[in-house]
>>> print(open('protein_3.csv').read())   # CSV, N, CA and C atoms
chain,number,residue,atom,x,y,z
A,1,MET,N,-7.5,12.1,2.2
A,1,MET,CA,-7.9,10.8,1.8
A,1,MET,C,-7.4,9.8,2.8
A,2,ALA,N,-6.1,10.0,3.2
A,2,ALA,CA,-5.5,9.0,4.1
A,2,ALA,C,-6.3,8.9,5.4
A,3,ASP,N,-6.7,10.0,6.0
A,3,ASP,CA,-7.4,10.0,7.2
A,3,ASP,C,-8.8,9.3,7.1
A,4,LYS,N,-9.4,9.5,6.0
A,4,LYS,CA,-10.7,8.8,5.7
A,4,LYS,C,-10.5,7.3,5.6
A,5,VAL,N,-9.5,6.9,5.0
A,5,VAL,CA,-9.2,5.4,4.9
A,5,VAL,C,-8.9,4.8,6.2
A,6,LEU,N,-8.1,5.6,7.0
A,6,LEU,CA,-7.7,5.1,8.3
A,6,LEU,C,-9.0,5.0,9.2
A,7,LEU,N,-9.8,6.0,9.2
A,7,LEU,CA,-11.0,6.1,9.9
A,7,LEU,C,-11.9,4.9,9.6
A,8,LYS,N,-12.1,4.6,8.3
A,8,LYS,CA,-12.9,3.5,7.8
A,8,LYS,C,-12.3,2.2,8.4
A,9,ALA,N,-11.0,2.1,8.6
A,9,ALA,CA,-10.4,0.9,9.1
A,9,ALA,C,-10.4,0.8,10.6
A,10,GLY,N,-10.8,1.9,11.2
A,10,GLY,CA,-10.7,2.0,12.7
A,10,GLY,C,-9.4,2.3,13.3
A,11,LEU,N,-8.5,2.9,12.5
A,11,LEU,CA,-7.1,3.2,12.9
A,11,LEU,C,-6.9,4.7,13.0
A,12,LYS,N,-5.9,5.0,13.8
A,12,LYS,CA,-5.5,6.4,14.0
A,12,LYS,C,-4.3,6.8,13.1
A,13,ARG,N,-3.4,5.8,12.9
A,13,ARG,CA,-2.3,6.1,12.1
A,13,ARG,C,-1.7,4.8,11.6
A,14,PRO,N,-1.1,4.8,10.4
A,14,PRO,CA,-0.5,3.6,9.9
A,14,PRO,C,0.8,3.3,10.6
A,15,SER,N,1.2,2.0,10.9
A,15,SER,CA,2.5,1.8,11.4
A,15,SER,C,3.5,1.8,10.3
A,16,VAL,N,3.1,1.5,9.1
A,16,VAL,CA,4.0,1.5,8.0
A,16,VAL,C,3.3,2.1,6.8
A,17,ILE,N,4.0,2.9,6.0
A,17,ILE,CA,3.6,3.4,4.7
A,17,ILE,C,4.5,2.8,3.7
A,18,ALA,N,3.9,2.2,2.6
A,18,ALA,CA,4.7,1.5,1.6
A,18,ALA,C,4.1,1.8,0.2
A,19,THR,N,5.1,1.8,-0.7
A,19,THR,CA,4.7,2.0,-2.1
A,19,THR,C,5.8,1.4,-3.0
A,20,ILE,N,5.7,1.6,-4.3
A,20,ILE,CA,6.6,1.1,-5.3
A,20,ILE,C,7.9,1.9,-5.3
A,21,SER,N,9.0,1.2,-5.5
A,21,SER,CA,10.4,1.8,-5.4
A,21,SER,C,10.6,3.0,-6.4
A,22,THR,N,9.8,3.0,-7.5
A,22,THR,CA,10.0,4.1,-8.4
A,22,THR,C,9.6,5.5,-7.8
A,23,LYS,N,8.9,5.5,-6.7
A,23,LYS,CA,8.4,6.7,-6.0
A,23,LYS,C,9.5,7.2,-5.0
A,24,GLN,N,10.6,6.4,-4.8
A,24,GLN,CA,11.5,6.7,-3.8
A,24,GLN,C,12.1,8.1,-3.8
A,25,GLY,N,12.3,8.7,-4.9
A,25,GLY,CA,12.8,10.0,-5.0
A,25,GLY,C,11.9,11.2,-4.8
A,26,ASP,N,10.6,10.8,-4.6
A,26,ASP,CA,9.6,11.9,-4.4
A,26,ASP,C,9.5,12.2,-2.9
A,27,PRO,N,9.8,13.5,-2.6
A,27,PRO,CA,9.9,13.9,-1.2
A,27,PRO,C,8.5,13.9,-0.5
A,28,VAL,N,7.4,13.8,-1.2
A,28,VAL,CA,6.1,13.8,-0.6
A,28,VAL,C,6.0,12.5,0.3
A,29,TRP,N,6.6,11.4,-0.1
A,29,TRP,CA,6.5,10.2,0.7
A,29,TRP,C,7.2,10.3,2.1
A,30,ALA,N,8.3,10.9,2.1
A,30,ALA,CA,9.0,11.1,3.4
A,30,ALA,C,8.1,12.1,4.3
A,31,LYS,N,7.6,13.1,3.7
A,31,LYS,CA,6.7,14.0,4.5
A,31,LYS,C,5.5,13.3,5.0
A,32,PHE,N,4.9,12.5,4.2
A,32,PHE,CA,3.7,11.7,4.5
A,32,PHE,C,4.0,10.8,5.7
A,33,ALA,N,5.1,10.0,5.6
A,33,ALA,CA,5.5,9.1,6.7
A,33,ALA,C,5.8,9.9,8.0
A,34,GLN,N,6.5,11.0,7.9
A,34,GLN,CA,6.8,11.9,9.0
A,34,GLN,C,5.5,12.4,9.7
A,35,HIS,N,4.6,12.8,8.9
A,35,HIS,CA,3.3,13.3,9.4
A,35,HIS,C,2.6,12.3,10.4
A,36,TYR,N,2.7,11.1,10.0
A,36,TYR,CA,2.1,10.0,10.8
A,36,TYR,C,3.0,9.4,11.8
A,37,GLY,N,4.3,9.7,11.7
A,37,GLY,CA,5.3,9.0,12.5
A,37,GLY,C,5.4,7.5,12.2
A,38,SER,N,5.3,7.2,10.9
A,38,SER,CA,5.3,5.9,10.4
A,38,SER,C,6.6,5.5,9.7
A,39,GLU,N,6.9,4.2,9.7
A,39,GLU,CA,8.0,3.7,8.9
A,39,GLU,C,7.7,3.8,7.4
A,40,LEU,N,8.6,4.1,6.6
A,40,LEU,CA,8.4,4.2,5.1
A,40,LEU,C,9.2,3.1,4.4
A,41,LEU,N,8.5,2.3,3.6
A,41,LEU,CA,9.1,1.2,2.9
A,41,LEU,C,8.8,1.3,1.4
A,42,PHE,N,9.8,0.9,0.6
A,42,PHE,CA,9.6,0.9,-0.9
A,42,PHE,C,9.9,-0.5,-1.3
A,43,PHE,N,9.1,-1.0,-2.3
A,43,PHE,CA,9.3,-2.3,-2.8
A,43,PHE,C,9.4,-2.3,-4.3
A,44,ASP,N,10.2,-3.1,-4.9
A,44,ASP,CA,10.3,-3.1,-6.4
A,44,ASP,C,9.1,-3.9,-7.0
A,45,ALA,N,8.9,-3.7,-8.3
A,45,ALA,CA,7.7,-4.2,-8.9
A,45,ALA,C,7.7,-5.7,-8.8
A,46,GLU,N,8.8,-6.4,-8.9
A,46,GLU,CA,8.9,-7.8,-8.8
A,46,GLU,C,8.4,-8.3,-7.5
A,47,ARG,N,8.8,-7.6,-6.4
A,47,ARG,CA,8.3,-8.0,-5.1
A,47,ARG,C,6.8,-7.8,-5.0
A,48,LEU,N,6.3,-6.7,-5.5
A,48,LEU,CA,4.9,-6.4,-5.4
A,48,LEU,C,4.1,-7.4,-6.2
A,49,GLU,N,4.6,-7.8,-7.3
A,49,GLU,CA,3.9,-8.8,-8.2
A,49,GLU,C,3.7,-10.1,-7.4
A,50,GLU,N,4.5,-10.5,-6.5
A,50,GLU,CA,4.3,-11.7,-5.7
A,50,GLU,C,3.0,-11.7,-4.9
A,51,GLU,N,2.5,-10.5,-4.7
A,51,GLU,CA,1.2,-10.4,-3.9
A,51,GLU,C,0.0,-10.5,-4.7
A,52,THR,N,0.1,-10.6,-6.0
A,52,THR,CA,-1.0,-10.6,-7.0
A,52,THR,C,-2.1,-11.6,-6.6
A,53,PRO,N,-1.8,-12.8,-6.1
A,53,PRO,CA,-2.9,-13.7,-5.7
A,53,PRO,C,-3.8,-13.2,-4.6
A,54,LYS,N,-3.3,-12.3,-3.8
A,54,LYS,CA,-4.1,-11.7,-2.7
A,54,LYS,C,-4.8,-10.4,-3.0
A,55,LEU,N,-4.6,-9.9,-4.2
A,55,LEU,CA,-5.2,-8.6,-4.6
A,55,LEU,C,-6.7,-8.7,-4.8
A,56,LYS,N,-7.5,-7.7,-4.3
A,56,LYS,CA,-8.9,-7.6,-4.6
A,56,LYS,C,-9.1,-6.9,-6.0
A,57,HIS,N,-8.2,-6.1,-6.4
A,57,HIS,CA,-8.3,-5.3,-7.7
A,57,HIS,C,-7.1,-5.4,-8.5
A,58,PRO,N,-6.7,-6.6,-9.0
A,58,PRO,CA,-5.5,-6.7,-9.9
A,58,PRO,C,-5.9,-6.0,-11.2
A,59,SER,N,-4.8,-5.3,-11.8
A,59,SER,CA,-5.1,-4.5,-13.0
A,59,SER,C,-4.0,-4.8,-14.1
A,60,ASP,N,-4.4,-5.2,-15.2
A,60,ASP,CA,-3.5,-5.4,-16.3
A,60,ASP,C,-3.0,-4.0,-16.8
A,61,VAL,N,-3.7,-3.0,-16.7
A,61,VAL,CA,-3.3,-1.7,-17.0
A,61,VAL,C,-2.1,-1.2,-16.1
A,62,VAL,N,-2.2,-1.4,-14.8
A,62,VAL,CA,-1.1,-1.1,-13.9
A,62,VAL,C,0.1,-2.0,-14.2
A,63,PHE,N,-0.1,-3.3,-14.5
A,63,PHE,CA,1.0,-4.1,-14.9
A,63,PHE,C,1.7,-3.6,-16.1
A,64,ALA,N,1.0,-3.2,-17.1
A,64,ALA,CA,1.6,-2.6,-18.3
A,64,ALA,C,2.4,-1.4,-18.0
A,65,MET,N,2.0,-0.6,-17.0
A,65,MET,CA,2.7,0.7,-16.7
A,65,MET,C,3.9,0.5,-15.8
A,66,VAL,N,3.8,-0.4,-14.8
A,66,VAL,CA,4.8,-0.4,-13.7
A,66,VAL,C,5.4,-1.8,-13.5
A,67,GLY,N,4.8,-2.9,-14.1
A,67,GLY,CA,5.4,-4.2,-13.9
A,67,GLY,C,4.8,-5.0,-12.8
A,68,CYS,N,3.7,-4.6,-12.2
A,68,CYS,CA,3.0,-5.4,-11.2
A,68,CYS,C,1.5,-5.1,-11.3
A,69,HIS,N,0.7,-6.0,-10.8
A,69,HIS,CA,-0.8,-5.9,-11.0
A,69,HIS,C,-1.5,-5.0,-10.1
A,70,GLY,N,-0.7,-4.3,-9.2
A,70,GLY,CA,-1.3,-3.3,-8.3
A,70,GLY,C,-0.2,-2.8,-7.4
A,71,VAL,N,-0.3,-1.5,-7.0
A,71,VAL,CA,0.7,-0.9,-6.2
A,71,VAL,C,0.2,-0.8,-4.7
A,72,ALA,N,-1.0,-0.1,-4.5
A,72,ALA,CA,-1.4,0.2,-3.2
A,72,ALA,C,-1.7,-1.1,-2.4
A,73,GLU,N,-2.5,-2.0,-3.0
A,73,GLU,CA,-2.8,-3.3,-2.3
A,73,GLU,C,-1.5,-4.1,-2.1
A,74,SER,N,-0.7,-4.2,-3.2
A,74,SER,CA,0.5,-5.1,-3.1
A,74,SER,C,1.5,-4.5,-2.1
A,75,ALA,N,1.7,-3.2,-2.0
A,75,ALA,CA,2.6,-2.6,-1.1
A,75,ALA,C,2.1,-2.8,0.4
A,76,ALA,N,0.8,-2.6,0.6
A,76,ALA,CA,0.2,-2.9,1.9
A,76,ALA,C,0.5,-4.3,2.4
A,77,LEU,N,0.2,-5.2,1.5
A,77,LEU,CA,0.4,-6.7,1.8
A,77,LEU,C,1.9,-7.0,2.0
A,78,ALA,N,2.8,-6.5,1.2
A,78,ALA,CA,4.2,-6.8,1.3
A,78,ALA,C,4.8,-6.2,2.6
A,79,ALA,N,4.3,-5.0,3.0
A,79,ALA,CA,4.8,-4.4,4.2
A,79,ALA,C,4.3,-5.1,5.4
A,80,THR,N,3.2,-5.8,5.3
A,80,THR,CA,2.6,-6.4,6.5
A,80,THR,C,3.1,-7.8,6.8
A,81,GLY,N,3.6,-8.5,5.8
A,81,GLY,CA,4.2,-9.8,6.0
A,81,GLY,C,3.4,-10.9,5.4
A,82,ASP,N,3.9,-12.2,5.6
A,82,ASP,CA,3.4,-13.4,5.0
A,82,ASP,C,2.0,-13.6,5.3
A,83,ASP,N,1.5,-13.3,6.5
A,83,ASP,CA,0.1,-13.6,6.9
A,83,ASP,C,-0.8,-12.5,6.7
A,84,ALA,N,-0.4,-11.5,5.9
A,84,ALA,CA,-1.2,-10.3,5.7
A,84,ALA,C,-2.5,-10.6,4.9
A,85,GLU,N,-3.5,-9.8,5.2
A,85,GLU,CA,-4.7,-9.8,4.4
A,85,GLU,C,-5.2,-8.4,4.3
A,86,LEU,N,-5.9,-8.1,3.2
A,86,LEU,CA,-6.4,-6.7,3.0
A,86,LEU,C,-7.6,-6.4,3.9
A,87,LEU,N,-7.5,-5.4,4.6
A,87,LEU,CA,-8.6,-4.9,5.5
A,87,LEU,C,-9.4,-3.9,4.7
A,88,ILE,N,-8.7,-3.0,4.0
A,88,ILE,CA,-9.3,-2.0,3.1
A,88,ILE,C,-8.6,-2.2,1.7
A,89,GLY,N,-9.4,-2.5,0.7
A,89,GLY,CA,-8.8,-2.7,-0.6
A,89,GLY,C,-8.5,-1.3,-1.2
A,90,LYS,N,-8.1,-1.3,-2.5
A,90,LYS,CA,-7.7,-0.1,-3.2
A,90,LYS,C,-8.8,0.9,-3.1
A,91,THR,N,-8.4,2.1,-2.6
A,91,THR,CA,-9.3,3.2,-2.5
A,91,THR,C,-8.6,4.4,-3.2
A,92,THR,N,-9.3,5.0,-4.1
A,92,THR,CA,-8.7,6.1,-4.9
A,92,THR,C,-9.3,7.4,-4.7
A,93,SER,N,-8.5,8.5,-4.9
A,93,SER,CA,-8.9,9.8,-5.0
A,93,SER,C,-8.3,10.4,-6.2
A,94,GLU,N,-8.4,11.7,-6.4
A,94,GLU,CA,-7.9,12.4,-7.6
A,94,GLU,C,-6.4,12.2,-7.7
A,95,CYS,N,-5.7,12.2,-6.6
A,95,CYS,CA,-4.2,12.2,-6.6
A,95,CYS,C,-3.6,11.1,-5.8
A,96,ALA,N,-4.3,10.2,-5.3
A,96,ALA,CA,-3.7,9.1,-4.5
A,96,ALA,C,-4.5,7.8,-4.5
A,97,THR,N,-3.8,6.7,-4.2
A,97,THR,CA,-4.5,5.4,-4.0
A,97,THR,C,-4.0,4.8,-2.8
A,98,ALA,N,-4.9,4.2,-2.0
A,98,ALA,CA,-4.5,3.7,-0.7
A,98,ALA,C,-5.1,2.3,-0.5
A,99,ALA,N,-4.5,1.5,0.4
A,99,ALA,CA,-5.1,0.2,0.8
A,99,ALA,C,-4.5,0.0,2.2
A,100,ILE,N,-5.2,-0.8,3.0
A,100,ILE,CA,-4.7,-1.2,4.3
A,100,ILE,C,-4.7,-2.7,4.5
A,101,ALA,N,-3.6,-3.2,4.9
A,101,ALA,CA,-3.5,-4.7,5.2
A,101,ALA,C,-3.1,-4.9,6.6
A,102,VAL,N,-3.6,-6.0,7.2
A,102,VAL,CA,-3.3,-6.3,8.6
A,102,VAL,C,-2.9,-7.8,8.7
A,103,THR,N,-2.3,-8.1,9.8
A,103,THR,CA,-2.1,-9.5,10.1
A,103,THR,C,-3.0,-9.9,11.2
A,104,ARG,N,-3.8,-10.9,10.9
A,104,ARG,CA,-4.8,-11.4,11.9
A,104,ARG,C,-4.1,-12.3,12.9
A,105,SER,N,-4.2,-12.0,14.2
A,105,SER,CA,-3.6,-12.8,15.2
A,105,SER,C,-4.6,-13.9,15.5
A,106,VAL,N,-4.1,-15.1,15.8
A,106,VAL,CA,-5.0,-16.3,16.1
A,106,VAL,C,-5.2,-16.4,17.6
>>> encode(input="protein_3.csv", output="structure tokens")
Amino acid sequence: MADKVLLKAGLKRPSVIATISTKQGDPVWAKFAQHYGSELLFFDAERLEEETPKLKHPSDVVFAMVGCHGVAESAALAATGDDAELLIGKTTSECATAAIAVTRSV
């Protein structure tokens, strides 16, 4: 799935992979980042919730489960910085969810 989302965005690899801090103990994240040679970042739900106004797919269900209105989109935005915008919104497969954010240079 990751390669398909990257291809759709016109990218070869992510510079950063980010998710919610509750996933920090899962070794698959370190392997995933190592596979792409990417930095790995974890954000707590409170920080991810700050990105809610920029989300394409906010979810009350996700909020009830983890304390923020979205993980993939919020983590992509948080990792990219203040001027971030979503390039690829929430994309799901059977076992993963992904989003890509970028900073547009002026």
>>> atom_distance(input="protein_3.csv", atom1="atom N of A:Glu50", atom2="atom C of A:Asp26")
23.5 Å
>>> closest_residue(input="protein_3.csv", among="A:Val66, A:Leu6, A:Leu40, A:Ala101", to="A:Glu85", atoms="all atoms listed in the file")
A:Ala101
>>> atom_distance(input="protein_3.csv", atom1="atom CA of A:Pro58", atom2="atom CA of A:Gly70")
5.6 Å
>>> residues_around(input="protein_3.csv", residues="A:Lys23", least_positions_apart="4", cutoff="8 Å", atoms="all atoms listed in the file", output="list in words")
Thr19, Pro27, Val28, Trp29, Phe42 and Phe43 of chain A
>>> write_last_selection(input="protein_3.csv", atoms="N, CA and C atoms", output="CSV table (one decimal), in the frame of the given file")
chain,number,residue,atom,x,y,z
A,19,THR,N,5.1,1.8,-0.7
A,19,THR,CA,4.7,2.0,-2.1
A,19,THR,C,5.8,1.4,-3.0
A,27,PRO,N,9.8,13.5,-2.6
A,27,PRO,CA,9.9,13.9,-1.2
A,27,PRO,C,8.5,13.9,-0.5
A,28,VAL,N,7.4,13.8,-1.2
A,28,VAL,CA,6.1,13.8,-0.6
A,28,VAL,C,6.0,12.5,0.3
A,29,TRP,N,6.6,11.4,-0.1
A,29,TRP,CA,6.5,10.2,0.7
A,29,TRP,C,7.2,10.3,2.1
A,42,PHE,N,9.8,0.9,0.6
A,42,PHE,CA,9.6,0.9,-0.9
A,42,PHE,C,9.9,-0.5,-1.3
A,43,PHE,N,9.1,-1.0,-2.3
A,43,PHE,CA,9.3,-2.3,-2.8
A,43,PHE,C,9.4,-2.3,-4.3
>>> atom_distance(input="protein_3.csv", atom1="atom N of A:Ala72", atom2="atom CA of A:Arg104")
20.3 Å
>>> select_by_dssp(input="protein_3.csv", residues="chain A", states="strand (DSSP E or B)", output="list in words")
Val16, Ile17, Ala18, Thr19, Ile20, Glu39, Leu40, Leu41, Phe42, Phe43, Ala84, Glu85, Leu86, Leu87, Ile88, Gly89, Lys90, Thr91, Thr92, Thr97, Ala98, Ala99, Ile100, Ala101, Val102 and Thr103 of chain A
>>> residues_near_point(input="protein_3.csv", point="(-9.1, -7.8, -2.9)", cutoff="7 Å", atoms="all atoms listed in the file", output="list in words")
Lys54, Leu55, Lys56, His57, Pro58, Leu86, Gly89 and Lys90 of chain A
>>> select_by_dssp(input="protein_3.csv", residues="chain A", states="alpha helix (DSSP H)", output="NGL selection string")
:A and (2-9 or 27-36 or 45-49 or 60-66 or 72-80)
>>> write_last_selection(input="protein_3.csv", atoms="N, CA and C atoms", output="compact mmCIF listing (two decimals), keeping the file's coordinate frame")
# COMPACT_ATOMS: atom_id res chain seq x y z
N ALA A 2 -6.10 10.00 3.20
CA ALA A 2 -5.50 9.00 4.10
C ALA A 2 -6.30 8.90 5.40
N ASP A 3 -6.70 10.00 6.00
CA ASP A 3 -7.40 10.00 7.20
C ASP A 3 -8.80 9.30 7.10
N LYS A 4 -9.40 9.50 6.00
CA LYS A 4 -10.70 8.80 5.70
C LYS A 4 -10.50 7.30 5.60
N VAL A 5 -9.50 6.90 5.00
CA VAL A 5 -9.20 5.40 4.90
C VAL A 5 -8.90 4.80 6.20
N LEU A 6 -8.10 5.60 7.00
CA LEU A 6 -7.70 5.10 8.30
C LEU A 6 -9.00 5.00 9.20
N LEU A 7 -9.80 6.00 9.20
CA LEU A 7 -11.00 6.10 9.90
C LEU A 7 -11.90 4.90 9.60
N LYS A 8 -12.10 4.60 8.30
CA LYS A 8 -12.90 3.50 7.80
C LYS A 8 -12.30 2.20 8.40
N ALA A 9 -11.00 2.10 8.60
CA ALA A 9 -10.40 0.90 9.10
C ALA A 9 -10.40 0.80 10.60
N PRO A 27 9.80 13.50 -2.60
CA PRO A 27 9.90 13.90 -1.20
C PRO A 27 8.50 13.90 -0.50
N VAL A 28 7.40 13.80 -1.20
CA VAL A 28 6.10 13.80 -0.60
C VAL A 28 6.00 12.50 0.30
N TRP A 29 6.60 11.40 -0.10
CA TRP A 29 6.50 10.20 0.70
C TRP A 29 7.20 10.30 2.10
N ALA A 30 8.30 10.90 2.10
CA ALA A 30 9.00 11.10 3.40
C ALA A 30 8.10 12.10 4.30
N LYS A 31 7.60 13.10 3.70
CA LYS A 31 6.70 14.00 4.50
C LYS A 31 5.50 13.30 5.00
N PHE A 32 4.90 12.50 4.20
CA PHE A 32 3.70 11.70 4.50
C PHE A 32 4.00 10.80 5.70
N ALA A 33 5.10 10.00 5.60
CA ALA A 33 5.50 9.10 6.70
C ALA A 33 5.80 9.90 8.00
N GLN A 34 6.50 11.00 7.90
CA GLN A 34 6.80 11.90 9.00
C GLN A 34 5.50 12.40 9.70
N HIS A 35 4.60 12.80 8.90
CA HIS A 35 3.30 13.30 9.40
C HIS A 35 2.60 12.30 10.40
N TYR A 36 2.70 11.10 10.00
CA TYR A 36 2.10 10.00 10.80
C TYR A 36 3.00 9.40 11.80
N ALA A 45 8.90 -3.70 -8.30
CA ALA A 45 7.70 -4.20 -8.90
C ALA A 45 7.70 -5.70 -8.80
N GLU A 46 8.80 -6.40 -8.90
CA GLU A 46 8.90 -7.80 -8.80
C GLU A 46 8.40 -8.30 -7.50
N ARG A 47 8.80 -7.60 -6.40
CA ARG A 47 8.30 -8.00 -5.10
C ARG A 47 6.80 -7.80 -5.00
N LEU A 48 6.30 -6.70 -5.50
CA LEU A 48 4.90 -6.40 -5.40
C LEU A 48 4.10 -7.40 -6.20
N GLU A 49 4.60 -7.80 -7.30
CA GLU A 49 3.90 -8.80 -8.20
C GLU A 49 3.70 -10.10 -7.40
N ASP A 60 -4.40 -5.20 -15.20
CA ASP A 60 -3.50 -5.40 -16.30
C ASP A 60 -3.00 -4.00 -16.80
N VAL A 61 -3.70 -3.00 -16.70
CA VAL A 61 -3.30 -1.70 -17.00
C VAL A 61 -2.10 -1.20 -16.10
N VAL A 62 -2.20 -1.40 -14.80
CA VAL A 62 -1.10 -1.10 -13.90
C VAL A 62 0.10 -2.00 -14.20
N PHE A 63 -0.10 -3.30 -14.50
CA PHE A 63 1.00 -4.10 -14.90
C PHE A 63 1.70 -3.60 -16.10
N ALA A 64 1.00 -3.20 -17.10
CA ALA A 64 1.60 -2.60 -18.30
C ALA A 64 2.40 -1.40 -18.00
N MET A 65 2.00 -0.60 -17.00
CA MET A 65 2.70 0.70 -16.70
C MET A 65 3.90 0.50 -15.80
N VAL A 66 3.80 -0.40 -14.80
CA VAL A 66 4.80 -0.40 -13.70
C VAL A 66 5.40 -1.80 -13.50
N ALA A 72 -1.00 -0.10 -4.50
CA ALA A 72 -1.40 0.20 -3.20
C ALA A 72 -1.70 -1.10 -2.40
N GLU A 73 -2.50 -2.00 -3.00
CA GLU A 73 -2.80 -3.30 -2.30
C GLU A 73 -1.50 -4.10 -2.10
N SER A 74 -0.70 -4.20 -3.20
CA SER A 74 0.50 -5.10 -3.10
C SER A 74 1.50 -4.50 -2.10
N ALA A 75 1.70 -3.20 -2.00
CA ALA A 75 2.60 -2.60 -1.10
C ALA A 75 2.10 -2.80 0.40
N ALA A 76 0.80 -2.60 0.60
CA ALA A 76 0.20 -2.90 1.90
C ALA A 76 0.50 -4.30 2.40
N LEU A 77 0.20 -5.20 1.50
CA LEU A 77 0.40 -6.70 1.80
C LEU A 77 1.90 -7.00 2.00
N ALA A 78 2.80 -6.50 1.20
CA ALA A 78 4.20 -6.80 1.30
C ALA A 78 4.80 -6.20 2.60
N ALA A 79 4.30 -5.00 3.00
CA ALA A 79 4.80 -4.40 4.20
C ALA A 79 4.30 -5.10 5.40
N THR A 80 3.20 -5.80 5.30
CA THR A 80 2.60 -6.40 6.50
C THR A 80 3.10 -7.80 6.80
>>> closest_residue(input="protein_3.csv", among="A:Thr103, A:Lys8, A:Glu49, A:His69", to="A:Asp82", atoms="all atoms listed in the file")
A:Thr103
>>> closest_residue(input="protein_3.csv", among="A:Ser59, A:Ser15, A:Leu77, A:Cys68", to="A:Ile100", atoms="only N, CA and C atoms")
A:Leu77
